[in-house]
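Data block for coords.csv (CSV, N, CA and C atoms):
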chain,number,residue,atom,x,y,z
A,42,MET,N,103.9,98.9,31.4
A,42,MET,CA,103.2,98.7,32.7
A,42,MET,C,104.0,97.8,33.6
A,43,ASN,N,104.6,96.8,33.0
A,43,ASN,CA,105.4,95.8,33.7
A,43,ASN,C,106.5,96.4,34.5
A,44,ILE,N,107.1,97.4,34.0
A,44,ILE,CA,108.2,98.1,34.7
A,44,ILE,C,107.7,98.8,35.9
A,45,LEU,N,106.5,99.4,35.9
A,45,LEU,CA,105.9,100.0,37.0
A,45,LEU,C,105.7,99.0,38.2
A,46,TRP,N,105.2,97.9,37.9
A,46,TRP,CA,105.0,96.8,38.9
A,46,TRP,C,106.3,96.4,39.5
A,47,GLN,N,107.4,96.3,38.7
A,47,GLN,CA,108.7,95.9,39.2
A,47,GLN,C,109.3,97.0,40.1
A,48,VAL,N,109.1,98.3,39.8
A,48,VAL,CA,109.5,99.3,40.6
A,48,VAL,C,108.8,99.3,42.0
A,49,VAL,N,107.5,99.1,41.9
A,49,VAL,CA,106.7,99.1,43.1
A,49,VAL,C,107.1,97.9,44.0
A,50,PHE,N,107.4,96.7,43.3
A,50,PHE,CA,107.8,95.6,44.1
A,50,PHE,C,109.2,95.8,44.8
A,51,LEU,N,110.1,96.5,44.0
A,51,LEU,CA,111.4,96.8,44.6
A,51,LEU,C,111.3,97.7,45.8
A,52,LEU,N,110.4,98.7,45.7
A,52,LEU,CA,110.2,99.7,46.8
A,52,LEU,C,109.6,99.0,48.0
A,53,LEU,N,108.6,98.1,47.8
A,53,LEU,CA,108.0,97.4,48.9
A,53,LEU,C,109.0,96.4,49.5
A,54,TRP,N,109.9,95.8,48.7
A,54,TRP,CA,110.9,94.9,49.2
A,54,TRP,C,111.9,95.6,50.0
A,55,LEU,N,112.3,96.8,49.6
A,55,LEU,CA,113.3,97.5,50.3
A,55,LEU,C,112.7,98.0,51.6
A,56,PHE,N,111.5,98.4,51.6
A,56,PHE,CA,110.8,98.8,52.9
A,56,PHE,C,110.7,97.7,53.8
A,57,ARG,N,110.4,96.5,53.3
A,57,ARG,CA,110.4,95.3,54.2
A,57,ARG,C,111.7,95.0,54.8
A,58,LEU,N,112.8,95.2,54.0
A,58,LEU,CA,114.1,95.0,54.5
A,58,LEU,C,114.5,96.0,55.6
A,59,LEU,N,114.0,97.3,55.4
A,59,LEU,CA,114.2,98.3,56.5
A,59,LEU,C,113.4,98.0,57.7
A,60,LEU,N,112.2,97.5,57.6
A,60,LEU,CA,111.4,97.1,58.7
A,60,LEU,C,112.0,96.0,59.5
A,61,LEU,N,112.5,95.0,58.8
A,61,LEU,CA,113.2,93.9,59.5
A,61,LEU,C,114.4,94.4,60.2
A,62,GLY,N,115.2,95.3,59.6
A,62,GLY,CA,116.3,95.9,60.3
A,62,GLY,C,115.9,96.6,61.6
A,63,ARG,N,114.7,97.3,61.5
A,63,ARG,CA,114.2,98.0,62.7
A,63,ARG,C,113.9,97.0,63.8
A,64,ILE,N,113.3,95.9,63.4
A,64,ILE,CA,113.0,94.9,64.4
A,64,ILE,C,114.2,94.4,65.1
A,65,VAL,N,115.3,94.1,64.3
A,65,VAL,CA,116.5,93.6,64.8
A,65,VAL,C,117.1,94.7,65.8
A,66,MET,N,117.1,95.9,65.4
A,66,MET,CA,117.7,97.0,66.2
A,66,MET,C,116.9,97.1,67.5
A,67,GLU,N,115.6,97.0,67.5
A,67,GLU,CA,114.8,97.1,68.7
A,67,GLU,C,115.0,96.0,69.6
A,68,VAL,N,115.2,94.8,69.1
A,68,VAL,CA,115.6,93.6,69.9
A,68,VAL,C,116.9,93.8,70.6
A,69,VAL,N,117.9,94.3,69.8
A,69,VAL,CA,119.2,94.6,70.3
A,69,VAL,C,119.2,95.6,71.4
A,70,ARG,N,118.4,96.7,71.2
A,70,ARG,CA,118.3,97.7,72.2
A,70,ARG,C,117.6,97.3,73.5
A,71,SER,N,116.6,96.3,73.3
A,71,SER,CA,115.9,95.8,74.5
A,71,SER,C,116.8,94.8,75.3
A,72,LEU,N,117.7,94.1,74.6
A,72,LEU,CA,118.5,93.1,75.3
A,72,LEU,C,119.8,93.7,75.9
A,73,ALA,N,120.3,94.7,75.2
A,73,ALA,CA,121.6,95.4,75.7
A,73,ALA,C,121.2,96.8,76.0
A,74,ARG,N,120.6,97.1,77.1
A,74,ARG,CA,120.2,98.4,77.4
A,74,ARG,C,121.3,99.5,77.6
A,75,GLU,N,122.5,99.0,77.9
A,75,GLU,CA,123.6,99.9,78.1
A,75,GLU,C,124.3,100.3,76.8
A,76,TRP,N,123.9,99.6,75.7
A,76,TRP,CA,124.5,99.9,74.4
A,76,TRP,C,124.0,101.2,73.8
A,77,ARG,N,124.9,102.1,73.4
A,77,ARG,CA,124.5,103.4,72.8
A,77,ARG,C,125.2,103.4,71.4
A,78,PRO,N,124.4,103.6,70.4
A,78,PRO,CA,125.0,103.6,69.0
A,78,PRO,C,125.9,104.8,68.8
A,79,ALA,N,127.0,104.6,68.1
A,79,ALA,CA,127.8,105.8,67.8
A,79,ALA,C,128.4,105.5,66.4
A,80,GLY,N,128.7,106.6,65.7
A,80,GLY,CA,129.3,106.5,64.4
A,80,GLY,C,128.3,105.9,63.4
A,81,ARG,N,128.8,104.9,62.7
A,81,ARG,CA,128.0,104.3,61.6
A,81,ARG,C,126.7,103.7,62.1
A,82,SER,N,126.7,103.1,63.2
A,82,SER,CA,125.5,102.4,63.7
A,82,SER,C,124.5,103.4,64.1
A,83,ALA,N,124.9,104.6,64.6
A,83,ALA,CA,123.9,105.7,64.8
A,83,ALA,C,123.3,106.2,63.6
A,84,VAL,N,124.1,106.3,62.5
A,84,VAL,CA,123.5,106.7,61.2
A,84,VAL,C,122.6,105.7,60.7
A,85,ALA,N,122.9,104.4,60.8
A,85,ALA,CA,122.1,103.3,60.3
A,85,ALA,C,120.8,103.3,61.1
A,86,MET,N,120.8,103.5,62.4
A,86,MET,CA,119.6,103.5,63.2
A,86,MET,C,118.7,104.7,62.8
A,87,GLU,N,119.3,105.8,62.6
A,87,GLU,CA,118.6,107.0,62.2
A,87,GLU,C,117.9,106.8,60.9
A,88,LEU,N,118.5,106.1,59.9
A,88,LEU,CA,117.9,105.8,58.6
A,88,LEU,C,116.8,104.8,58.8
A,89,LEU,N,117.0,103.8,59.6
A,89,LEU,CA,115.9,102.8,59.9
A,89,LEU,C,114.7,103.5,60.5
A,90,TYR,N,114.9,104.2,61.5
A,90,TYR,CA,113.8,104.8,62.3
A,90,TYR,C,113.1,105.9,61.5
A,91,SER,N,113.9,106.8,60.8
A,91,SER,CA,113.2,107.9,60.1
A,91,SER,C,112.4,107.4,58.9
A,92,SER,N,112.8,106.2,58.3
A,92,SER,CA,112.1,105.7,57.1
A,92,SER,C,110.9,104.8,57.5
A,93,THR,N,111.0,104.2,58.7
A,93,THR,CA,109.9,103.3,59.1
A,93,THR,C,108.9,103.9,60.1
A,94,ASP,N,109.3,105.1,60.7
A,94,ASP,CA,108.4,105.7,61.7
A,94,ASP,C,107.0,106.1,61.3
A,95,PRO,N,106.9,106.8,60.1
A,95,PRO,CA,105.5,107.2,59.8
A,95,PRO,C,104.5,106.1,59.7
A,96,PRO,N,104.7,105.0,59.0
A,96,PRO,CA,103.7,103.9,59.0
A,96,PRO,C,103.6,103.2,60.3
A,97,VAL,N,104.7,103.1,61.1
A,97,VAL,CA,104.6,102.4,62.4
A,97,VAL,C,103.8,103.3,63.3
A,98,LYS,N,104.0,104.6,63.3
A,98,LYS,CA,103.2,105.5,64.2
A,98,LYS,C,101.7,105.5,63.8
A,99,LEU,N,101.4,105.4,62.5
A,99,LEU,CA,100.0,105.3,62.1
A,99,LEU,C,99.4,104.1,62.6
A,100,PHE,N,100.0,102.9,62.5
A,100,PHE,CA,99.4,101.7,63.1
A,100,PHE,C,99.4,101.7,64.6
A,101,ARG,N,100.3,102.4,65.2
A,101,ARG,CA,100.2,102.5,66.7
A,101,ARG,C,99.0,103.3,67.2
A,102,ARG,N,98.6,104.3,66.3
A,102,ARG,CA,97.5,105.1,66.7
A,102,ARG,C,96.2,104.2,66.5
A,103,ILE,N,96.2,103.4,65.4
A,103,ILE,CA,95.0,102.6,65.1
A,103,ILE,C,94.9,101.4,66.1
A,104,LEU,N,96.0,100.7,66.3
A,104,LEU,CA,96.0,99.5,67.2
A,104,LEU,C,96.6,99.8,68.5
A,105,PRO,N,95.9,99.8,69.6
A,105,PRO,CA,96.5,100.1,70.9
A,105,PRO,C,97.4,98.9,71.3
A,106,THR,N,98.3,99.1,72.2
A,106,THR,CA,99.1,98.0,72.7
A,106,THR,C,98.3,97.0,73.5
A,107,MET,N,98.6,95.8,73.4
A,107,MET,CA,97.9,94.7,74.1
A,107,MET,C,98.6,94.5,75.5
A,108,ARG,N,97.8,94.4,76.5
A,108,ARG,CA,98.3,94.2,77.9
A,108,ARG,C,98.0,92.7,78.2
A,109,VAL,N,99.1,92.0,78.5
A,109,VAL,CA,99.0,90.6,78.9
A,109,VAL,C,99.7,90.5,80.3
A,110,GLY,N,99.0,90.5,81.3
A,110,GLY,CA,99.6,90.5,82.6
A,110,GLY,C,100.3,91.8,82.9
A,111,GLY,N,101.6,91.8,83.2
A,111,GLY,CA,102.3,93.0,83.4
A,111,GLY,C,103.1,93.4,82.2
A,112,VAL,N,102.9,92.8,81.1
A,112,VAL,CA,103.6,93.1,79.8
A,112,VAL,C,102.7,93.7,78.8
A,113,MET,N,103.3,94.7,78.1
A,113,MET,CA,102.5,95.3,77.0
A,113,MET,C,103.2,94.9,75.7
A,114,PHE,N,102.3,94.4,74.7
A,114,PHE,CA,102.8,94.1,73.4
A,114,PHE,C,102.4,95.1,72.4
A,115,ASP,N,103.4,95.6,71.6
A,115,ASP,CA,103.1,96.5,70.5
A,115,ASP,C,103.1,95.7,69.2
A,116,LEU,N,101.9,95.5,68.7
A,116,LEU,CA,101.7,94.7,67.5
A,116,LEU,C,101.8,95.5,66.2
A,117,SER,N,102.0,96.8,66.3
A,117,SER,CA,102.0,97.6,65.0
A,117,SER,C,103.0,97.2,64.0
A,118,ILE,N,104.2,96.8,64.4
A,118,ILE,CA,105.3,96.4,63.5
A,118,ILE,C,104.9,95.1,62.9
A,119,LEU,N,104.4,94.2,63.7
A,119,LEU,CA,104.0,92.8,63.2
A,119,LEU,C,102.9,92.9,62.1
A,120,ILE,N,101.9,93.7,62.4
A,120,ILE,CA,100.8,93.9,61.5
A,120,ILE,C,101.2,94.6,60.2
A,121,LEU,N,102.1,95.6,60.4
A,121,LEU,CA,102.7,96.2,59.2
A,121,LEU,C,103.5,95.2,58.3
A,122,LEU,N,104.2,94.4,59.0
A,122,LEU,CA,105.0,93.4,58.2
A,122,LEU,C,104.1,92.4,57.5
A,123,VAL,N,103.0,92.0,58.1
A,123,VAL,CA,102.1,91.1,57.5
A,123,VAL,C,101.4,91.7,56.3
A,124,LEU,N,101.0,93.0,56.5
A,124,LEU,CA,100.3,93.7,55.4
A,124,LEU,C,101.3,93.9,54.2
A,125,LEU,N,102.5,94.2,54.6
A,125,LEU,CA,103.6,94.4,53.5
A,125,LEU,C,103.8,93.1,52.8
A,126,SER,N,103.8,91.9,53.4
A,126,SER,CA,103.9,90.7,52.8
A,126,SER,C,102.8,90.4,51.8
A,127,ILE,N,101.6,90.7,52.2
A,127,ILE,CA,100.4,90.6,51.4
A,127,ILE,C,100.5,91.5,50.2
A,128,LEU,N,100.9,92.7,50.4
A,128,LEU,CA,101.1,93.6,49.2
A,128,LEU,C,102.2,93.1,48.3
A,129,LEU,N,103.3,92.6,48.8
A,129,LEU,CA,104.3,92.0,48.0
A,129,LEU,C,103.8,90.9,47.1
A,130,SER,N,103.0,90.0,47.7
A,130,SER,CA,102.5,88.9,46.9
A,130,SER,C,101.5,89.3,45.9
A,131,ILE,N,100.7,90.4,46.1
A,131,ILE,CA,99.8,90.9,45.1
A,131,ILE,C,100.6,91.5,44.0
A,132,VAL,N,101.6,92.3,44.3
A,132,VAL,CA,102.4,93.0,43.3
A,132,VAL,C,103.2,91.9,42.5
A,133,ALA,N,103.7,90.9,43.1
A,133,ALA,CA,104.4,89.8,42.4
A,133,ALA,C,103.5,89.1,41.4
A,134,ALA,N,102.2,89.0,41.7
A,134,ALA,CA,101.3,88.3,40.8
A,134,ALA,C,101.1,89.2,39.6
A,135,GLN,N,101.3,90.5,39.7
A,135,GLN,CA,101.1,91.4,38.5
A,135,GLN,C,102.3,91.4,37.6
A,136,ILE,N,103.5,91.0,38.1
A,136,ILE,CA,104.7,91.1,37.3
A,136,ILE,C,104.7,90.0,36.2
Would you write out, as structure tokens, the structure that this file holds?
Amino acid sequence: MNILWQVVFLLLWLFRLLLLGRIVMEVVRSLAREWRPAGRSAVAMELLYSSTDPPVKLFRRILPTMRVGGVMFDLSILILLVLLSILLSIVAAQI
């Protein structure tokens, strides 16, 4: 049973790593709007977005974006990251 918890922990940890990579790529895309990925970076972005899109889209449907003045904040990735950290700590306690 211990090996099962270790595999679950590894999968959650890898997903957290992908989610953090997505956050970095979204910040880069928002700061350098003229940058267009090509080659390996395009493949890396496709991997990041295709693996993290289903849960992010689910949370975007549940949680609407917050409007603060003229700016809209999308909290779905942040909430997903917090929930993932909680799950990681629960699974780590089982190991």
Can you list, as number ranges by chain, every protein, DNA or RNA residue that comes within 10 Å of A:Leu121 when you count only C-alpha atoms, leaving out same-chain residues fewer than 2 positions away?
-> A: 57, 60, 96-97, 99-100, 116-119, 123-127
Quick one: distance from atom CA of A:Leu59 to atom CA of A:Val109 in Å, one decimal?
-> 28.1 Å
Which of chain A DSSP labels helix (DSSP H, G or I), written as a VMD selection string | chain A and resid 43 to 72 81 to 103 117 to 135
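Here the question is which of A:Lys98, A:Arg108, A:Arg63, A:Arg70 gets nearest to A:Ala85 using only C-alpha atoms, and that residue is A:Arg63.
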Assign secondary structure with DSSP using the backbone only, and return the residues of stretch 61-121 of chain A in strand (DSSP E) as a short mmCIF file (atom, residue, chain, number, x, y, z; two decimals) with N, CA and C atoms, in the frame of the given file.
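This is the output file selection20.cif:
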data_model
loop_
_atom_site.label_atom_id
_atom_site.label_comp_id
_atom_site.auth_asym_id
_atom_site.auth_seq_id
_atom_site.Cartn_x
_atom_site.Cartn_y
_atom_site.Cartn_z
N MET A 107 98.60 95.80 73.40
CA MET A 107 97.90 94.70 74.10
C MET A 107 98.60 94.50 75.50
N ARG A 108 97.80 94.40 76.50
CA ARG A 108 98.30 94.20 77.90
C ARG A 108 98.00 92.70 78.20
N VAL A 109 99.10 92.00 78.50
CA VAL A 109 99.00 90.60 78.90
C VAL A 109 99.70 90.50 80.30
N VAL A 112 102.90 92.80 81.10
CA VAL A 112 103.60 93.10 79.80
C VAL A 112 102.70 93.70 78.80
N MET A 113 103.30 94.70 78.10
CA MET A 113 102.50 95.30 77.00
C MET A 113 103.20 94.90 75.70
N PHE A 114 102.30 94.40 74.70
CA PHE A 114 102.80 94.10 73.40
C PHE A 114 102.40 95.10 72.40
#
re atom C of A:Ala83 and atom CA of A:Pro105: distance 28.4 Å
Closest of A:Asp115, A:Leu104, A:Met86, A:Gly110 to A:Met66 - atom-to-atom distances counting only N, CA and C atoms = A:Met86
Quick one: distance from atom CA of A:Phe56 to atom CA of A:Thr93 in Å, one decimal?
->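 Between atom CA of A:Phe56 and atom CA of A:Thr93 the gap works out to 7.7 Å.
Remark: for A:Leu122, the closest of the candidate residues A:Val69, A:Leu61, A:Leu52, A:Ala134 is A:Leu61 (distances computed over all atoms listed in the file).
Among the candidates A:Val49, A:Ile44, A:Val65, A:Leu55, the residue lying nearest to A:Ile131 is A:Val49 (atoms considered: only C-alpha atoms).
Proximity to A:Val132 was assessed for A:Pro78, A:Phe50, A:Ile64, A:Arg101 counting only N, CA and C atoms; the smallest distance is recorded for A:Phe50.
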Give the answer as one residue: which of A:Val112, A:Leu89, A:Ala79, A:Met42 has the shortest atom-to-atom distance to A:Gly62, using all atoms listed in the file?
->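 Selected residue with least distance to A:Gly62: A:Leu89.
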